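Text of model.pdb, listed as PDB, C-alpha atoms:
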```pdb
ATOM      1  CA  MET H  11     -20.354 -10.439 -16.691
ATOM      2  CA  ASN H  12     -20.088 -10.469 -12.886
ATOM      3  CA  LYS H  13     -16.570  -9.045 -13.123
ATOM      4  CA  LEU H  14     -17.846  -6.288 -15.408
ATOM      5  CA  ILE H  15     -20.675  -5.386 -13.032
ATOM      6  CA  LEU H  16     -18.238  -5.246 -10.108
ATOM      7  CA  ALA H  17     -15.800  -3.094 -12.057
ATOM      8  CA  VAL H  18     -18.552  -0.628 -12.972
ATOM      9  CA  SER H  19     -19.745  -0.537  -9.357
ATOM     10  CA  LEU H  20     -16.227   0.114  -8.116
ATOM     11  CA  ALA H  21     -15.782   2.931 -10.607
ATOM     12  CA  MET H  22     -18.991   4.506  -9.288
ATOM     13  CA  VAL H  23     -17.713   4.260  -5.725
ATOM     14  CA  ALA H  24     -14.412   5.860  -6.734
ATOM     15  CA  ALA H  25     -16.280   8.720  -8.372
ATOM     16  CA  GLY H  26     -18.556   9.193  -5.363
ATOM     17  CA  GLY H  27     -21.585   7.975  -7.276
ATOM     18  CA  ALA H  28     -22.490   5.124  -4.942
ATOM     19  CA  HIS H  29     -21.992   4.000  -1.382
ATOM     20  CA  ALA H  30     -19.701   1.124  -0.539
ATOM     21  CA  GLY H  31     -21.235  -2.084   0.742
ATOM     22  CA  PRO H  32     -21.482  -3.135   4.374
ATOM     23  CA  PRO H  33     -18.270  -2.793   6.396
ATOM     24  CA  ALA H  34     -16.230  -5.760   7.536
ATOM     25  CA  PRO H  35     -16.678  -7.035  11.068
ATOM     26  CA  LYS H  36     -14.159  -5.380  13.373
ATOM     27  CA  ALA H  37     -11.170  -7.480  14.374
ATOM     28  CA  GLN H  38      -9.005  -6.534  17.353
ATOM     29  CA  GLY H  39      -6.204  -4.258  16.141
ATOM     30  CA  ILE H  40      -3.356  -2.280  17.639
ATOM     31  CA  GLU H  41      -5.720  -0.746  20.185
ATOM     32  CA  SER H  42      -5.964  -4.152  21.882
ATOM     33  CA  LYS H  43      -3.436  -5.572  24.358
ATOM     34  CA  GLU H  44      -3.907  -8.908  22.595
ATOM     35  CA  TYR H  45      -2.847  -7.532  19.210
ATOM     36  CA  LYS H  46      -0.056  -9.395  17.447
ATOM     37  CA  TRP H  47       1.234  -7.737  14.300
ATOM     38  CA  ASN H  48       1.175  -9.907  11.195
ATOM     39  CA  ALA H  49      -0.036 -13.045  12.931
ATOM     40  CA  GLN H  50       0.566 -15.986  10.591
ATOM     41  CA  GLU H  51      -2.874 -17.510  10.461
ATOM     42  CA  GLY H  52      -6.075 -17.915   8.446
ATOM     43  CA  GLU H  53      -6.383 -17.246   4.737
ATOM     44  CA  LYS H  54      -3.308 -14.992   4.779
ATOM     45  CA  LEU H  55      -1.092 -17.878   5.816
ATOM     46  CA  GLU H  56      -2.724 -20.144   3.220
ATOM     47  CA  ALA H  57      -2.261 -17.573   0.439
ATOM     48  CA  LEU H  58       1.390 -16.994   1.332
ATOM     49  CA  LYS H  59       2.079 -20.716   0.878
ATOM     50  CA  LEU H  60       0.553 -20.814  -2.612
ATOM     51  CA  LYS H  61       2.217 -20.095  -5.949
ATOM     52  CA  GLY H  62       0.357 -17.267  -7.641
ATOM     53  CA  ASP H  63      -0.606 -17.434 -11.312
ATOM     54  CA  LYS H  64      -0.031 -14.138 -13.135
ATOM     55  CA  THR H  65      -2.519 -14.869 -15.927
ATOM     56  CA  ARG H  66      -5.340 -15.644 -13.518
ATOM     57  CA  GLY H  67      -4.241 -12.699 -11.407
ATOM     58  CA  GLU H  68      -4.619 -10.297 -14.322
ATOM     59  CA  GLU H  69      -8.261 -11.332 -14.662
ATOM     60  CA  GLY H  70      -8.857 -10.956 -10.932
ATOM     61  CA  TYR H  71      -7.233  -7.522 -10.978
ATOM     62  CA  GLU H  72      -9.822  -6.153 -13.427
ATOM     63  CA  VAL H  73     -12.057  -5.225 -10.503
ATOM     64  CA  CYS H  74      -9.169  -3.377  -8.818
ATOM     65  CA  GLY H  75      -8.198  -1.424 -11.924
ATOM     66  CA  ALA H  76     -11.211   0.904 -11.746
ATOM     67  CA  CYS H  77      -9.645   2.685  -8.755
ATOM     68  CA  HIS H  78      -5.982   1.670  -8.881
ATOM     69  CA  LEU H  79      -5.916   1.934 -12.718
ATOM     70  CA  PRO H  80      -4.971  -0.909 -15.094
ATOM     71  CA  SER H  81      -1.311   0.063 -14.699
ATOM     72  CA  GLY H  82      -1.507  -0.128 -10.894
ATOM     73  CA  ALA H  83      -0.519   3.546 -10.744
ATOM     74  CA  GLY H  84      -3.248   4.631  -8.314
ATOM     75  CA  ARG H  85      -4.188   8.306  -7.948
ATOM     76  CA  PRO H  86      -1.744  11.173  -7.295
ATOM     77  CA  ASP H  87      -4.267  12.832  -4.954
ATOM     78  CA  GLY H  88      -3.634  10.042  -2.440
ATOM     79  CA  THR H  89      -7.104   8.510  -2.505
ATOM     80  CA  PHE H  90      -5.850   5.243  -3.992
ATOM     81  CA  PRO H  91      -2.250   4.031  -3.599
ATOM     82  CA  GLN H  92       0.190   3.064  -6.301
ATOM     83  CA  LEU H  93       0.287  -0.758  -6.213
ATOM     84  CA  ALA H  94       2.505  -1.777  -9.134
ATOM     85  CA  GLY H  95       5.645  -3.647  -8.108
ATOM     86  CA  GLN H  96       4.551  -4.104  -4.509
ATOM     87  CA  HIS H  97       5.748  -7.273  -2.746
ATOM     88  CA  THR H  98       3.264 -10.156  -2.857
ATOM     89  CA  THR H  99       3.664 -10.619   0.892
ATOM     90  CA  VAL H 100       2.589  -7.031   1.558
ATOM     91  CA  LEU H 101      -0.320  -7.200  -0.889
ATOM     92  CA  ILE H 102      -1.617 -10.470   0.545
ATOM     93  CA  LYS H 103      -1.314  -9.187   4.113
ATOM     94  CA  GLN H 104      -3.138  -5.936   3.412
ATOM     95  CA  MET H 105      -5.936  -7.587   1.416
ATOM     96  CA  ALA H 106      -6.377 -10.265   4.073
ATOM     97  CA  ASP H 107      -6.390  -7.630   6.839
ATOM     98  CA  ILE H 108      -9.076  -5.617   5.039
ATOM     99  CA  ARG H 109     -11.164  -8.743   4.456
ATOM    100  CA  ALA H 110     -10.820  -9.684   8.137
ATOM    101  CA  GLY H 111     -11.763  -6.217   9.419
ATOM    102  CA  LEU H 112      -8.303  -5.581  10.830
ATOM    103  CA  ARG H 113      -7.585  -2.656   8.499
ATOM    104  CA  ASP H 114     -10.448  -0.203   8.104
ATOM    105  CA  ASN H 115     -11.125   0.531   4.440
ATOM    106  CA  PRO H 116     -14.895   0.709   3.843
ATOM    107  CA  THR H 117     -14.457   1.673   0.184
ATOM    108  CA  MET H 118     -12.251  -1.269  -0.689
ATOM    109  CA  TYR H 119     -13.744  -3.900   1.580
ATOM    110  CA  PRO H 120     -16.744  -4.910  -0.600
ATOM    111  CA  PHE H 121     -14.427  -5.483  -3.535
ATOM    112  CA  ALA H 122     -11.598  -7.145  -1.641
ATOM    113  CA  ALA H 123     -14.296  -9.479  -0.348
ATOM    114  CA  THR H 124     -15.059 -10.628  -3.914
ATOM    115  CA  LEU H 125     -11.758 -12.519  -4.091
ATOM    116  CA  VAL H 126     -13.036 -16.012  -3.599
ATOM    117  CA  ASP H 127     -10.201 -17.834  -1.827
ATOM    118  CA  PRO H 128      -6.511 -17.756  -0.803
ATOM    119  CA  GLN H 129      -5.488 -18.852  -4.296
ATOM    120  CA  GLU H 130      -7.090 -15.786  -5.866
ATOM    121  CA  LEU H 131      -5.364 -13.588  -3.284
ATOM    122  CA  ALA H 132      -2.043 -15.128  -4.324
ATOM    123  CA  ASP H 133      -2.846 -14.796  -8.037
ATOM    124  CA  VAL H 134      -3.796 -11.102  -7.889
ATOM    125  CA  ALA H 135      -0.779 -10.288  -5.710
ATOM    126  CA  THR H 136       1.542 -12.043  -8.177
ATOM    127  CA  TYR H 137       0.135 -10.059 -11.085
ATOM    128  CA  ILE H 138       0.420  -6.720  -9.282
ATOM    129  CA  GLU H 139       4.009  -7.433  -8.223
ATOM    130  CA  SER H 140       4.913  -8.069 -11.876
ATOM    131  CA  LEU H 141       3.847  -4.570 -12.981
ATOM    132  CA  CYS H 142       6.555  -1.946 -13.456
ATOM    133  CA  ILE H 143       6.525   0.973 -11.022
ATOM    134  CA  PRO H 144       5.366   4.184 -12.737
ATOM    135  CA  VAL H 145       8.007   6.896 -12.994
ATOM    136  CA  ASP H 146       5.362   9.615 -12.997
ATOM    137  CA  HIS H 147       3.504   9.824  -9.689
ATOM    138  CA  GLY H 148       2.407  12.350  -7.089
ATOM    139  CA  LYS H 149       5.353  14.201  -5.537
ATOM    140  CA  TYR H 150       5.700  17.154  -3.182
ATOM    141  CA  GLU H 151       5.347  20.317  -5.263
ATOM    142  CA  GLY H 152       5.705  23.140  -2.743
ATOM    143  CA  ALA H 153       7.995  26.118  -3.348
ATOM    144  CA  ASP H 154      10.205  24.789  -0.548
ATOM    145  CA  ALA H 155      10.610  21.348  -2.162
ATOM    146  CA  ALA H 156      14.420  21.380  -2.022
ATOM    147  CA  LYS H 157      14.371  22.132   1.713
ATOM    148  CA  GLN H 158      11.703  19.493   2.407
ATOM    149  CA  LEU H 159      13.620  16.843   0.466
ATOM    150  CA  ALA H 160      16.836  17.621   2.346
ATOM    151  CA  THR H 161      15.110  17.465   5.735
ATOM    152  CA  GLY H 162      13.182  14.350   4.737
ATOM    153  CA  LYS H 163      16.345  12.596   3.546
ATOM    154  CA  GLU H 164      18.045  13.220   6.871
ATOM    155  CA  LEU H 165      15.076  11.856   8.835
ATOM    156  CA  TYR H 166      14.559   8.918   6.464
ATOM    157  CA  GLU H 167      18.161   7.789   6.618
ATOM    158  CA  LYS H 168      18.164   8.060  10.392
ATOM    159  CA  GLU H 169      15.255   5.701  11.126
ATOM    160  CA  CYS H 170      13.363   4.600   7.995
ATOM    161  CA  LYS H 171      16.118   3.282   5.719
ATOM    162  CA  GLU H 172      16.885   0.268   7.893
ATOM    163  CA  CYS H 173      13.496  -1.287   7.074
ATOM    164  CA  HIS H 174      12.480   0.338   3.785
ATOM    165  CA  GLY H 175      15.946   0.398   2.219
ATOM    166  CA  PRO H 176      17.990   3.170   0.573
ATOM    167  CA  ASN H 177      15.853   3.066  -2.573
ATOM    168  CA  GLY H 178      12.504   2.431  -0.880
ATOM    169  CA  GLN H 179      12.569  -1.244  -1.876
ATOM    170  CA  GLY H 180      11.290  -2.629   1.429
ATOM    171  CA  VAL H 181      11.889  -6.240   2.503
ATOM    172  CA  LYS H 182       9.618  -8.883   1.018
ATOM    173  CA  GLU H 183      10.342 -11.555   3.625
ATOM    174  CA  LYS H 184       9.586  -9.173   6.500
ATOM    175  CA  PHE H 185       6.423  -7.692   4.936
ATOM    176  CA  TYR H 186       8.018  -4.223   4.726
ATOM    177  CA  PRO H 187       6.431  -2.466   1.744
ATOM    178  CA  VAL H 188       7.985  -0.938  -1.337
ATOM    179  CA  ILE H 189       7.557   2.829  -1.064
ATOM    180  CA  ALA H 190       9.475   3.838  -4.193
ATOM    181  CA  GLY H 191       7.048   5.347  -6.689
ATOM    182  CA  GLN H 192       4.348   5.885  -4.082
ATOM    183  CA  HIS H 193       2.296   9.085  -4.109
ATOM    184  CA  TYR H 194       3.333  11.823  -1.689
ATOM    185  CA  LYS H 195      -0.206  12.494  -0.472
ATOM    186  CA  TYR H 196      -0.872   8.795   0.151
ATOM    187  CA  LEU H 197       2.385   8.414   2.101
ATOM    188  CA  LEU H 198       1.580  11.454   4.219
ATOM    189  CA  ARG H 199      -1.943  10.234   4.939
ATOM    190  CA  GLN H 200      -0.820   6.748   5.938
ATOM    191  CA  MET H 201       2.009   7.922   8.184
ATOM    192  CA  THR H 202      -0.322  10.382   9.883
ATOM    193  CA  GLU H 203      -2.894   7.633  10.452
ATOM    194  CA  ILE H 204      -0.231   5.289  11.815
ATOM    195  CA  ARG H 205       1.104   7.968  14.169
ATOM    196  CA  ASP H 206      -2.374   8.890  15.393
ATOM    197  CA  GLY H 207      -3.490   5.270  15.966
ATOM    198  CA  HIS H 208      -6.015   5.097  13.107
ATOM    199  CA  ARG H 209      -4.226   2.406  11.091
ATOM    200  CA  ARG H 210      -5.269  -0.534  13.241
ATOM    201  CA  ASN H 211      -3.091  -3.143  11.524
ATOM    202  CA  ALA H 212       0.086  -1.063  11.913
ATOM    203  CA  ASN H 213       3.428  -2.486  12.962
ATOM    204  CA  PRO H 214       3.991  -1.441  16.620
ATOM    205  CA  ASP H 215       7.701  -0.975  15.907
ATOM    206  CA  MET H 216       6.859   1.630  13.267
ATOM    207  CA  VAL H 217       4.372   3.332  15.561
ATOM    208  CA  LYS H 218       7.109   3.794  18.167
ATOM    209  CA  ILE H 219       9.367   5.440  15.593
ATOM    210  CA  ILE H 220       6.778   7.644  13.949
ATOM    211  CA  LYS H 221       4.984   8.694  17.145
ATOM    212  CA  LYS H 222       7.516  11.429  17.897
ATOM    213  CA  TYR H 223       7.288  13.188  14.524
ATOM    214  CA  ASN H 224       5.214  16.338  14.150
ATOM    215  CA  ASN H 225       3.186  17.236  11.052
ATOM    216  CA  ASP H 226       5.983  19.242   9.461
ATOM    217  CA  GLN H 227       8.417  16.367   9.839
ATOM    218  CA  LEU H 228       5.937  13.915   8.324
ATOM    219  CA  VAL H 229       5.567  16.246   5.336
ATOM    220  CA  ALA H 230       9.342  16.244   4.851
ATOM    221  CA  ILE H 231       9.683  12.475   5.192
ATOM    222  CA  SER H 232       6.798  11.875   2.782
ATOM    223  CA  ALA H 233       8.287  14.343   0.300
ATOM    224  CA  TYR H 234      11.585  12.470   0.326
ATOM    225  CA  GLN H 235      10.001   9.015   0.206
ATOM    226  CA  SER H 236       7.975   9.970  -2.857
ATOM    227  CA  SER H 237      11.220  10.922  -4.628
ATOM    228  CA  LEU H 238      12.748   7.441  -4.281
ATOM    229  CA  VAL H 239      13.225   5.146  -7.274
ATOM    230  CA  MET H 240      14.135   1.464  -7.551
ATOM    231  CA  PRO H 241      16.632   0.895 -10.382
ATOM    232  CA  GLY H 242      15.437  -1.922 -12.635
ATOM    233  CA  ASN H 243      11.891  -1.850 -11.274
ATOM    234  CA  MET H 244      10.619   1.440 -12.676
ATOM    235  CA  CYS H 245       8.713   1.658 -15.956
ATOM    236  CA  LYS H 246      10.767   2.673 -18.965
ATOM    237  CA  PRO H 247      10.272   6.300 -19.980
ATOM    238  CA  LYS H 248       7.867   6.704 -22.870
ATOM    239  CA  VAL H 249       9.571   7.398 -26.177
ATOM    240  CA  ALA H 250       8.261  10.559 -27.792
ATOM    241  CA  LYS H 251       6.574   9.949 -31.132
ATOM    242  CA  LYS H 252       8.380  11.388 -34.125
TER     243      LYS H 252
END
```
Write-out of the structure in structure tokens:
Amino acid sequence: MNKLILAVSLAMVAAGGAHAGPPAPKAQGIESKEYKWNAQEGEKLEALKLKGDKTRGEEGYEVCGACHLPSGAGRPDGTFPQLAGQHTTVLIKQMADIRAGLRDNPTMYPFAATLVDPQELADVATYIESLCIPVDHGKYEGADAAKQLATGKELYEKECKECHGPNGQGVKEKFYPVIAGQHYKYLLRQMTEIRDGHRRNANPDMVKIIKKYNNDQLVAISAYQSSLVMPGNMCKPKVAKK
């Protein structure tokens, strides 16, 4: 029953029908000279050491599905990211950072805070990673799409591919996220926030790279990133009914 109440509450928040709960206490982020990206400590470190249980994780994910959808597909308008197929390391880090007040997400915080312990963090992350990445997701749809994709590909291969891979597969061991199948508008929003210093748990190495890009270049990079696919990880196309 508690899970049901939380799921309904989260759906109301997503629809703008209720206010999120109290924000997390602020932890020192990239704005601080003492900031260390991805410090291996606290519940994050504990969760990373644990073996996640997919069955338990599916139950824990019920609360998340109201915004991120049961499939993990998120929302094409960029309000909620596509999660399916994301590395467990990345998921655990981001959830732990939100819970600790290191990443500002007042909408998600009250619900991320309902995960009771490091084991539940590991379980939910394991379930999400097991989901296939949706083929249909938010892409750049401007009349100049071909030009944006070409420009974005050139920029991506110059400085992004080394960490995120040629197919947007990321690197699990280094906490570099999967970006294949991610929504264009979400990618653009996150890169803009990282560049402008609003993503407080950002990797300083990425900030250095992205700092020099203007808005038009970020649009192009995001357009290209949203076109990437990971062979073997994407959901199978739906068969049309006869």
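With all atoms listed in the file as the atoms that count, the minimum distance from Ser140 of chain H to the choices H:His174, H:Lys184, H:His97, H:His208 is reached by H:His97.
Atom CA of Ile220 of chain H sits 22.1 Å away from atom CA of Glu183 of chain H.
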Distance of atom CA of Val145 of chain H from atom CA of Lys246 of chain H, expressed in Å to one decimal place: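 A separation of 7.8 Å between them.
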Evaluate the PyMOL selection byres ((chain H and resi 180) around 12) and report residues as a PyMOL selection string: chain H and resi 95-100+170-179+181-190+235+238-240
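Under the PyMOL selection byres ((chain H and resi 88) around 9), the matching residues in the shown file are Gly84, Arg85, Pro86, Asp87, Thr89, Phe90, Pro91, Gln92, Gly148, His193, Tyr194, Lys195, Tyr196, Leu197, Leu198 and Arg199 of chain H.
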Non-local contacts of Glu56 of chain H (9 Å; only C-alpha atoms; under 5 positions in same chain excluded) as a ChimeraX atom specification: /H:51,128-129
Separation of atom CA of Glu41 of chain H from atom CA of Ala106 of chain H, in Å and rounded to one decimal: 18.7 Å
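Distances to Glu151 of chain H were evaluated for H:Ile138, H:Val229, H:Leu101, H:Val217 using all atoms listed in the file, and the minimum falls at H:Val229.
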Output of the PyMOL selection byres ((chain H and resi 57) around 7), listed as number ranges by chain: H: 53-56, 58-60, 128-129, 131-132
Top pick for closest residue to Ile102 of chain H, considering H:Asp114, H:Ala37, H:Ala212, H:Glu139 and counting all atoms listed in the file: H:Glu139
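Residues with any atom within 6 Å of the point (3.9, -1.5, -10.1), counting only C-alpha atoms, are Gly82, Leu93, Ala94, Gly95, Leu141, Cys142 and Ile143 of chain H.
Comparing the minimum interatomic distances between Leu165 of chain H and each of H:Lys222, H:Lys36, H:Lys149, H:Arg209, counting only C-alpha atoms, we find that H:Lys222 sits nearest.
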Among listed residues H:Pro120, H:Gly207, H:Gly52, H:Gly191, nearest Met244 of chain H (using all atoms listed in the file): H:Gly191
Top pick for closest residue to Ser237 of chain H, considering H:Ala160, H:Val73, H:Met201, H:Met105 and counting only C-alpha atoms: H:Ala160
